[in-house]
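S.K.: I am attaching a structure below and will ask some questions about it afterwards.
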Amino acid sequence: MSHSDSFIRKYIFSTDHKIIGIQYILTGLAMALVGGTLAGLIRLQLGWPGLQWPLLGKLMPVGMPSGVMTPEFYMALVTMHGTIMVFFFMSFVLVSGFGNYVVPLQIGARDMAFPLLNMLSYWIGLLGAIVILLSFFVQGGAAAAGWTAYPPLSAVASAMPGSALGQTLWLLAMALFIASFTMSGLNIVATVLSLRAPGMSMMRMPLTVWSYFISAIMGLLAFPPLTAAAIMLLFDRHFDTSFFLPSGLIVAGKLLPNHGGSPLLWQHLFWFLGHPEVYVLILPALGIALDMLPVFSRKPVFGYRLSVYCLMIVAVLSMIVWGHHMFVSGMSPFSGEYFSISTMLITVPMTIIGVNMLGSLWGARITLATPMLFALGIIALFGVGGFGGLFLGNATADMQLHDTYFVVGHFHLMIGGVTLLGTFAGIYYWFPKMFGRQMSEALGKAHFWLTFLPFFTVFFMQHFVGLQGAPRRYYAFTTYEYLNRTHGQNVVISLVAFLLMAGQLVFALNFIWSLVAGRASERNPWHATTLEWETSSPPPHGNFVEIPTVHRWAYEYSVAGEALDYTPQTVPARQVAVTA
Amino acid sequence: MATHTVEPVIDRWGGGACPFAAGWRKVMMWAFIVTDGLLFAGFLASYGYARLMAERWPPQQEVFSISYLAVMTFVLISSSATMASAVVAAGASDRRATTRFVLLTILGGVAFLGMQAYEWAHLIGEGATLTHNPWGDPSFGSYFFLLTGFHGSHVLTGLIVLCVTAWHSAGGRSSANGVEIAGLYWHFVDLVWVFIFTLFYLV
Ligand code: HEM
Ligand SMILES: [Cu+2]
């Protein structure tokens with residue numbers, strides 16, 4: 001398997017799933033830097049609206065003329081922050097990045113089923129990322145209709161500056177992203193089904209692999225309707241159709257000629273994707289957490305089968321709850337009732353997964369290594385975020401809470417926090433595998449506290465800002481009298497948010513420093529049972545010298561009578577009867 | 001009496017092999033078909049939504065010639081039959097028959113596209129565009145061109161795949177597996193048409 005490939009074939013245009021995984025991770029982290037900067041600008045505006053920032057004014061003369069942010073620029077910031085974080089950071093790093101890196105290793109495969117398609121998927125994804133970045137610099141600036149791109153803002157080019165070329169590029173970037181994500185998903189599904197090592201039955205797969213498998217299937221089911229919607233939106237924008245534009249629409253004082261469409265159709269199609277998409281992102285984080293708990297508590301995962309079934313049930317239910325994002329769209333009370341009930345139903349398997357996580361900790365010897373801290377943090381955020389979801393899922397309560405900061409707080413704990421912590425857990429855990437070096441534990445722990453505490457504070461507080469009636473996407477709380485009393489809270493949130501961002505410098509430092517000077521790692525530094533630790537670090541092209549044979553599930557920790565407190569999946573069943 | 005060795009019961013899902021006969025390529029094609037099918041589901045659902053909202057949906061039997069469409073549909077379905085024959089021939093390693101049947105399938109596909117183009121030209125001649133049409137709700141034209149256009153583009157893709165298959169088969173470089181997978185896609189394209197035909201032209 002060892003070819004003497006050129007540098008370019010080996011590290012740039014590589015078809016090796018490990019290199020592609022790392023490419024995705026590094027690209028995604030770079031995009032996170034952009035998304036984070038945008039968030040910083042948003043917080044600057046929300047904390048101190050109207051204040052002059054002369055330096056920023058020089059840097060961004062259009063968006064912040066004379067140092068004060070324009071409302072249009074603010075809208076673009078919110079839109080691009082959401083889009084970049086969801087699609088070009090989380091999807092890249094957590095789903096495609098770790099999915100690529102970890103899944104073939106953990107099932108004992110030499111590579112993805114279709115390595116060339118895999119490479120293509122990365123490059124198309126990268127192109128999407130470049131397009132979305134470039135869209136900041138076109139006439140009118142970046143898209144500004146929200147990450148949900150609701151028409152008419154997104155469909156009528158004259159609606160606002162960002163609705164012009166910026167929105168078109170947004171759609172193009174999304175098209176590229178979807179193409180890339182679909183290829184990636186096809187690969188994961190085919191790989192997990194067909195390339196498992198001998199003995200790796202479905203029910204012996206680590207929960208990480210299960211979560212990636214199910215999330216890939218969900219992605220394949222949920223994205224096509226959004227693709228259809230995006231194509232129709234392009235037609236509305238460029239060929240004057242009226243798929244999403246109703247009759248009698250007046251934009252900027254002008255009556256539009258459109259006739260007969262419906263902006264609600266977009267909302268249905270978008271959320272039919274959008275809701276499953278949030279689970280596409282969170283399932284891998286949950287899978288990673290579920291797998292990290294046993295490693296650092298030295299006991300088998302609690303409720304393996306139940307967790308697998310719950311992941312499946314969540315996947316199915318997530319396809320039929322999209323209407324809970326549209327309670328205020330004038331839907332009939334009966335539909336509202338239906339969507340409320342189905343949303344409440346989905347909290348049941350979600351809660352079971354959460355309880356299984358807690359069960360994994362019950363009576364365990366816990367080692368608080370950095371990945372474990374992040375996994376524990378996931379339980380906390382998942383619990384609180386899910387609790388907020390309960391309120392939102394009730395149509396009656398949501399009438400009040402919809403489009404307030406309560407929703408912003410809720411989804412950041414989930415799609416922002418759980419996934420962010422999952423990403424970090426994954427990086428700290430697999431870094432030795434990827435680069436053969438250990439990251440600094442001390443810096444890692446500092447990074448955890450500097451991430452978890454500020455993150456929780458920011459978004460927990462936003463729930464209460466929302467309860468006071470503060471709408472999301474508003475440029476300044478000074479516009480309305482009643483919002484003025486949120487001033488102090490907004491300042492605190494902004495300050496803590498900056499602390500959160502500063503905390504990430506610790507991570508950057510740790511990452512780069514460990515890359516060049518980290519302590520060399522032993523082969524299996526965490527004493528884990530899964531297959532990726534049975535090969536060298538970093539693994540050779542082709543992963544395993546010899547394809548391993550799997551004899552047991554992934555959670556044999558502290559088995560009575562064994563010499564070690566873990567038994568790798570490759571250890572054959574012992575013939576001798578053991579007396580405990 | 002010949003000794004009878006007991007075959008161990010092999011768990012197809014136990015790892016070490018693909019649980020489905022034709023390997024990962026077929027798995028991937030199936031997954032792709034599901035995805036692509038949902039793209040059309042998205043279009044068709046939108047069309048349904050628009051039609052429910054429309055004040056006056058044009059009566060299809062006056063706009064279209066249903067018998068013409070029946071012929072079109074028949075041509076496409078027949079091409080699915082020839083494709084099935086090609087798969088059988090490829091399974092029997094009959095290279096010449098495979099090539100012949102794939103070529104027949106291509107013929108059917110091209111005929112279908114030709115008839116589709118003629119229908120487009122005819123309707124455009126009567127004043128139908130993406131945004132207007134003489135018969136009623138303007139979204140009728142939008143969805144007509146959207147649905148048939150996207151389906152047409154899939155037929156075209158299928159034809160390209162089939163041309164490559166025929167080329168490989170004629171040169172002796174095709175595998176039964178490859179022909180079968182190309183066939184899967186072709187049947188899928190035909191199936192989508194059945195849905196469009198039923199939901200847009202008939203109902
Ligand atoms: C425990 C189960 C959950 C329930 C009951 C729930 C319920 C809801 C409801 C009803 C809304 C709509 C609120 C509104 O717009 O008025 C919402 C918004 C949202 N939820 Fe959840 N949710 C749950 C879990 C999650 C998870 C696990 C994630 C992400 C990984 C997530 C991400 C989001 C996002 C991104 C939005 C807002 C999107 C937007 O409007 O921009 N939720 N949730
Ligand atoms: Cu949702």
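Within each chain, counting starts at residue 1; across the structure tokens, chains are named A, B, ... in the order shown, with ligands numbered 1 upward in that order.
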Which residues are near ligand 1 - at most 6 Å, using only C-alpha atoms and all ligand atoms? Format: as JSON, numbers by chain.

M.R.: {"A": [278, 279, 281, 282, 324, 325, 343, 344, 347, 386, 389, 390, 392, 393, 398, 401, 402, 403, 407, 411, 414, 415]}

S.K.: Once you count only C-alpha atoms, which residues of chain B turn out to be within 6 Å of chain A? Could you give them as a PyMOL selection string?

M.R.: chain B and resi 13-16+18+24+27-28+35+38-39+42-43+131

S.K.: Residues contacting ligand 2 - anything with an atom at most 8 Å away, using only C-alpha atoms and all ligand atoms - can you give me those as a PyMOL selection string?

M.R.: chain A and resi 271+274-276+278+318+321-325

S.K.: How would the residues just picked look written out with C-alpha atoms as an mmCIF file, in the first residue's frame?

M.R.:
data_model
loop_
_atom_site.group_PDB
_atom_site.id
_atom_site.type_symbol
_atom_site.label_atom_id
_atom_site.label_comp_id
_atom_site.auth_asym_id
_atom_site.auth_seq_id
_atom_site.Cartn_x
_atom_site.Cartn_y
_atom_site.Cartn_z
ATOM 1 C CA TRP A 271 -37.607 23.682 7.091
ATOM 2 C CA GLY A 274 -33.668 22.757 8.004
ATOM 3 C CA HIS A 275 -35.005 20.714 10.832
ATOM 4 C CA PRO A 276 -33.342 17.421 9.851
ATOM 5 C CA VAL A 278 -29.851 20.454 12.717
ATOM 6 C CA SER A 318 -37.126 14.751 12.514
ATOM 7 C CA VAL A 321 -41.750 18.148 12.592
ATOM 8 C CA TRP A 322 -40.615 20.994 10.368
ATOM 9 C CA GLY A 323 -43.800 22.979 10.904
ATOM 10 C CA HIS A 324 -42.700 23.933 14.424
ATOM 11 C CA HIS A 325 -40.627 26.668 12.811
#

S.K.: Enumerate as a ChimeraX atom specification all residues of stretch 13-203 of chain B assigned to alpha helix (DSSP H) by DSSP on the backbone, naming them with the chain letters and numbers the document uses.

M.R.: /B:24-53,60-63,66-91,95-125,139-170,176-196

S.K.: Between atom CA of A:Val131 and atom CA of A:Ala173, what is the distance in Å, rounded to a tenth?

M.R.: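 If I compute the distance from atom CA of A:Val131 to atom CA of A:Ala173, I get 5.6 Å.
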
S.K.: Any idea what the distance is between atom CA of A:Ala285 and atom CA of A:Ala364?

M.R.: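 Taking atom CA of A:Ala285 as the start and atom CA of A:Ala364 as the end point, the length is 21.8 Å.
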
S.K.: Just want the 8 Å neighbourhood of stretch 179-190 of chain B, counted on only C-alpha atoms, with same-chain residues fewer than 2 positions away dropped. Output as a VMD selection string.

M.R.: chain B and resid 25 to 26 29 to 30 33 76 to 77 80 83 to 84 86 to 87 90 151 154 to 155 158 161 to 162 165 174 to 177 192 to 194

S.K.: Could you write out that same residue set with N, CA and C atoms as a PDB file, in the first residue's frame?

M.R.:
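Printed below is out_12.pdb as written:
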ATOM      1  N   ARG B  25     -20.978  -0.190  -5.196  1.00  0.00           N
ATOM      2  CA  ARG B  25     -21.432   0.677  -6.280  1.00  0.00           C
ATOM      3  C   ARG B  25     -22.953   0.720  -6.351  1.00  0.00           C
ATOM      4  N   LYS B  26     -23.531  -0.464  -6.197  1.00  0.00           N
ATOM      5  CA  LYS B  26     -24.979  -0.528  -6.290  1.00  0.00           C
ATOM      6  C   LYS B  26     -25.611   0.165  -5.070  1.00  0.00           C
ATOM      7  N   MET B  29     -25.528   3.740  -5.811  1.00  0.00           N
ATOM      8  CA  MET B  29     -26.507   4.148  -6.821  1.00  0.00           C
ATOM      9  C   MET B  29     -27.910   4.198  -6.211  1.00  0.00           C
ATOM     10  N   TRP B  30     -28.221   3.220  -5.393  1.00  0.00           N
ATOM     11  CA  TRP B  30     -29.534   3.239  -4.752  1.00  0.00           C
ATOM     12  C   TRP B  30     -29.687   4.477  -3.886  1.00  0.00           C
ATOM     13  N   ILE B  33     -30.222   7.409  -6.023  1.00  0.00           N
ATOM     14  CA  ILE B  33     -31.563   7.439  -6.609  1.00  0.00           C
ATOM     15  C   ILE B  33     -32.580   7.978  -5.599  1.00  0.00           C
ATOM     16  N   LEU B  76     -41.016   5.704 -23.657  1.00  0.00           N
ATOM     17  CA  LEU B  76     -40.065   5.698 -22.542  1.00  0.00           C
ATOM     18  C   LEU B  76     -40.154   4.381 -21.760  1.00  0.00           C
ATOM     19  N   ILE B  77     -41.376   3.925 -21.536  1.00  0.00           N
ATOM     20  CA  ILE B  77     -41.532   2.667 -20.790  1.00  0.00           C
ATOM     21  C   ILE B  77     -40.916   1.513 -21.573  1.00  0.00           C
ATOM     22  N   SER B  80     -37.415   1.188 -21.023  1.00  0.00           N
ATOM     23  CA  SER B  80     -37.094   0.513 -19.768  1.00  0.00           C
ATOM     24  C   SER B  80     -37.074  -0.994 -19.989  1.00  0.00           C
ATOM     25  N   MET B  83     -33.972  -1.931 -21.690  1.00  0.00           N
ATOM     26  CA  MET B  83     -32.869  -1.843 -20.729  1.00  0.00           C
ATOM     27  C   MET B  83     -32.830  -3.101 -19.869  1.00  0.00           C
ATOM     28  N   ALA B  84     -34.002  -3.543 -19.444  1.00  0.00           N
ATOM     29  CA  ALA B  84     -34.045  -4.764 -18.633  1.00  0.00           C
ATOM     30  C   ALA B  84     -33.458  -5.935 -19.418  1.00  0.00           C
ATOM     31  N   ALA B  86     -31.212  -5.696 -21.705  1.00  0.00           N
ATOM     32  CA  ALA B  86     -29.760  -5.503 -21.766  1.00  0.00           C
ATOM     33  C   ALA B  86     -29.109  -6.035 -20.501  1.00  0.00           C
ATOM     34  N   VAL B  87     -29.745  -5.787 -19.354  1.00  0.00           N
ATOM     35  CA  VAL B  87     -29.178  -6.260 -18.087  1.00  0.00           C
ATOM     36  C   VAL B  87     -29.136  -7.781 -18.075  1.00  0.00           C
ATOM     37  N   ALA B  90     -26.387  -8.888 -20.323  1.00  0.00           N
ATOM     38  CA  ALA B  90     -25.078  -8.660 -19.713  1.00  0.00           C
ATOM     39  C   ALA B  90     -24.809  -9.708 -18.646  1.00  0.00           C
ATOM     40  N   HIS B 151     -36.811  16.899 -15.700  1.00  0.00           N
ATOM     41  CA  HIS B 151     -36.854  15.494 -16.063  1.00  0.00           C
ATOM     42  C   HIS B 151     -36.063  15.271 -17.347  1.00  0.00           C
ATOM     43  N   HIS B 154     -32.522  14.954 -16.808  1.00  0.00           N
ATOM     44  CA  HIS B 154     -32.144  13.647 -16.264  1.00  0.00           C
ATOM     45  C   HIS B 154     -32.118  12.582 -17.355  1.00  0.00           C
ATOM     46  N   VAL B 155     -33.080  12.696 -18.288  1.00  0.00           N
ATOM     47  CA  VAL B 155     -33.056  11.745 -19.408  1.00  0.00           C
ATOM     48  C   VAL B 155     -31.752  11.913 -20.176  1.00  0.00           C
ATOM     49  N   GLY B 158     -29.015  10.357 -18.367  1.00  0.00           N
ATOM     50  CA  GLY B 158     -29.135   8.911 -18.532  1.00  0.00           C
ATOM     51  C   GLY B 158     -28.625   8.468 -19.888  1.00  0.00           C
ATOM     52  N   VAL B 161     -24.915   8.351 -19.900  1.00  0.00           N
ATOM     53  CA  VAL B 161     -24.464   7.142 -19.207  1.00  0.00           C
ATOM     54  C   VAL B 161     -24.626   5.930 -20.111  1.00  0.00           C
ATOM     55  N   LEU B 162     -25.761   5.868 -20.799  1.00  0.00           N
ATOM     56  CA  LEU B 162     -26.004   4.713 -21.659  1.00  0.00           C
ATOM     57  C   LEU B 162     -25.037   4.679 -22.832  1.00  0.00           C
ATOM     58  N   THR B 165     -21.994   3.255 -21.618  1.00  0.00           N
ATOM     59  CA  THR B 165     -22.188   1.821 -21.407  1.00  0.00           C
ATOM     60  C   THR B 165     -22.119   1.062 -22.732  1.00  0.00           C
ATOM     61  N   SER B 174     -17.279  -3.737 -20.642  1.00  0.00           N
ATOM     62  CA  SER B 174     -18.347  -3.501 -19.671  1.00  0.00           C
ATOM     63  C   SER B 174     -18.475  -4.694 -18.745  1.00  0.00           C
ATOM     64  N   SER B 175     -18.980  -4.420 -17.542  1.00  0.00           N
ATOM     65  CA  SER B 175     -19.249  -5.523 -16.627  1.00  0.00           C
ATOM     66  C   SER B 175     -20.761  -5.625 -16.448  1.00  0.00           C
ATOM     67  N   ALA B 176     -21.211  -6.815 -16.096  1.00  0.00           N
ATOM     68  CA  ALA B 176     -22.647  -6.995 -15.860  1.00  0.00           C
ATOM     69  C   ALA B 176     -23.120  -6.005 -14.804  1.00  0.00           C
ATOM     70  N   ASN B 177     -22.235  -5.829 -13.815  1.00  0.00           N
ATOM     71  CA  ASN B 177     -22.521  -4.896 -12.746  1.00  0.00           C
ATOM     72  C   ASN B 177     -22.748  -3.471 -13.245  1.00  0.00           C
ATOM     73  N   VAL B 192     -39.730   8.374 -12.619  1.00  0.00           N
ATOM     74  CA  VAL B 192     -40.046   9.773 -12.334  1.00  0.00           C
ATOM     75  C   VAL B 192     -41.036  10.289 -13.366  1.00  0.00           C
ATOM     76  N   TRP B 193     -40.821   9.896 -14.611  1.00  0.00           N
ATOM     77  CA  TRP B 193     -41.740  10.363 -15.639  1.00  0.00           C
ATOM     78  C   TRP B 193     -43.165   9.879 -15.369  1.00  0.00           C
ATOM     79  N   VAL B 194     -43.290   8.659 -14.912  1.00  0.00           N
ATOM     80  CA  VAL B 194     -44.624   8.144 -14.613  1.00  0.00           C
ATOM     81  C   VAL B 194     -45.306   9.052 -13.584  1.00  0.00           C
TER      82      VAL B 194
END

S.K.: So how many Å separate atom CA of A:Val86 and atom CA of A:Gly383, to one decimal?

M.R.: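 Going from atom CA of A:Val86 over to atom CA of A:Gly383 covers 20.7 Å.
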
S.K.: Env of B:Phe195: 12 Å cut, atoms = only C-alpha atoms, seq-sep filter 6 positions within chain, self excluded. Answer as a PyMOL selection string.

M.R.: chain B and resi 37+40-41+43-45+73+147-148+151+188-189+201-203

S.K.: Restricting the calculation to only C-alpha atoms, which member of A:Phe98, A:Tyr475, A:Phe137, A:Phe7 is positioned closest to A:Ile22?

M.R.: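 The shortest atom-to-atom distance to A:Ile22 comes from A:Phe98.
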
S.K.: When you look at A:Tyr555 with a cut-off of 8 Å (counting only C-alpha atoms), what residues show up, excluding the ones that are within fewer than 6 positions of it in the same chain? I need them as a list in words.

M.R.: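 Contacts, with the query itself left out: Pro294, Lys299, Pro300, Val301 and Thr529 of chain A.
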
S.K.: Using only C-alpha atoms, please write the residues we just selected to a file, as a compact mmCIF listing (two decimals), in the first residue's frame.

M.R.:
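Below is the file that was written, out18.txt:
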# COMPACT_ATOMS: atom_id res chain seq x y z
CA PRO A 294 -16.95 4.98 28.36
CA LYS A 299 -17.07 1.16 31.95
CA PRO A 300 -19.32 0.06 29.08
CA VAL A 301 -21.62 2.57 27.48
CA THR A 529 -11.01 -0.34 22.44

S.K.: Which residues are near A:Ile8? Cut-off 12 Å, only C-alpha atoms, ignore same chain within fewer than 6 positions. Put them as a list in words.

M.R.: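 The residues that qualify are Ser14, Thr15 and Ile19 of chain A.
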
S.K.: Take the residues that were just selected and, keeping N, CA and C atoms, output them as a PDB file, in the first residue's frame.

M.R.:
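Output contents, as saved in part-v9.pdb:
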ATOM      1  N   SER A  14      -5.300  14.534  -2.568  1.00  0.00           N
ATOM      2  CA  SER A  14      -5.219  13.180  -2.047  1.00  0.00           C
ATOM      3  C   SER A  14      -6.590  12.531  -2.104  1.00  0.00           C
ATOM      4  N   THR A  15      -6.603  11.218  -2.310  1.00  0.00           N
ATOM      5  CA  THR A  15      -7.870  10.494  -2.214  1.00  0.00           C
ATOM      6  C   THR A  15      -7.931   9.725  -0.897  1.00  0.00           C
ATOM      7  N   ILE A  19      -6.436  12.226   4.870  1.00  0.00           N
ATOM      8  CA  ILE A  19      -5.998  13.556   4.432  1.00  0.00           C
ATOM      9  C   ILE A  19      -7.214  14.424   4.138  1.00  0.00           C
TER      10      ILE A  19
END

S.K.: Leaving out stretch 508-516 of chain A and any residue of its chain fewer than 6 positions from it, which residues lie within 10 Å of it when counting only C-alpha atoms, given as a list in words?

M.R.: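 Counting only the stated atoms, we get Leu29, Ile427, Tyr428, Phe431, Pro432, Met434, Phe435, Gly436, Arg437, Gln438, Met439, Ser440, Glu441, Ala442, Leu443, Gly444 and His447 of chain A.
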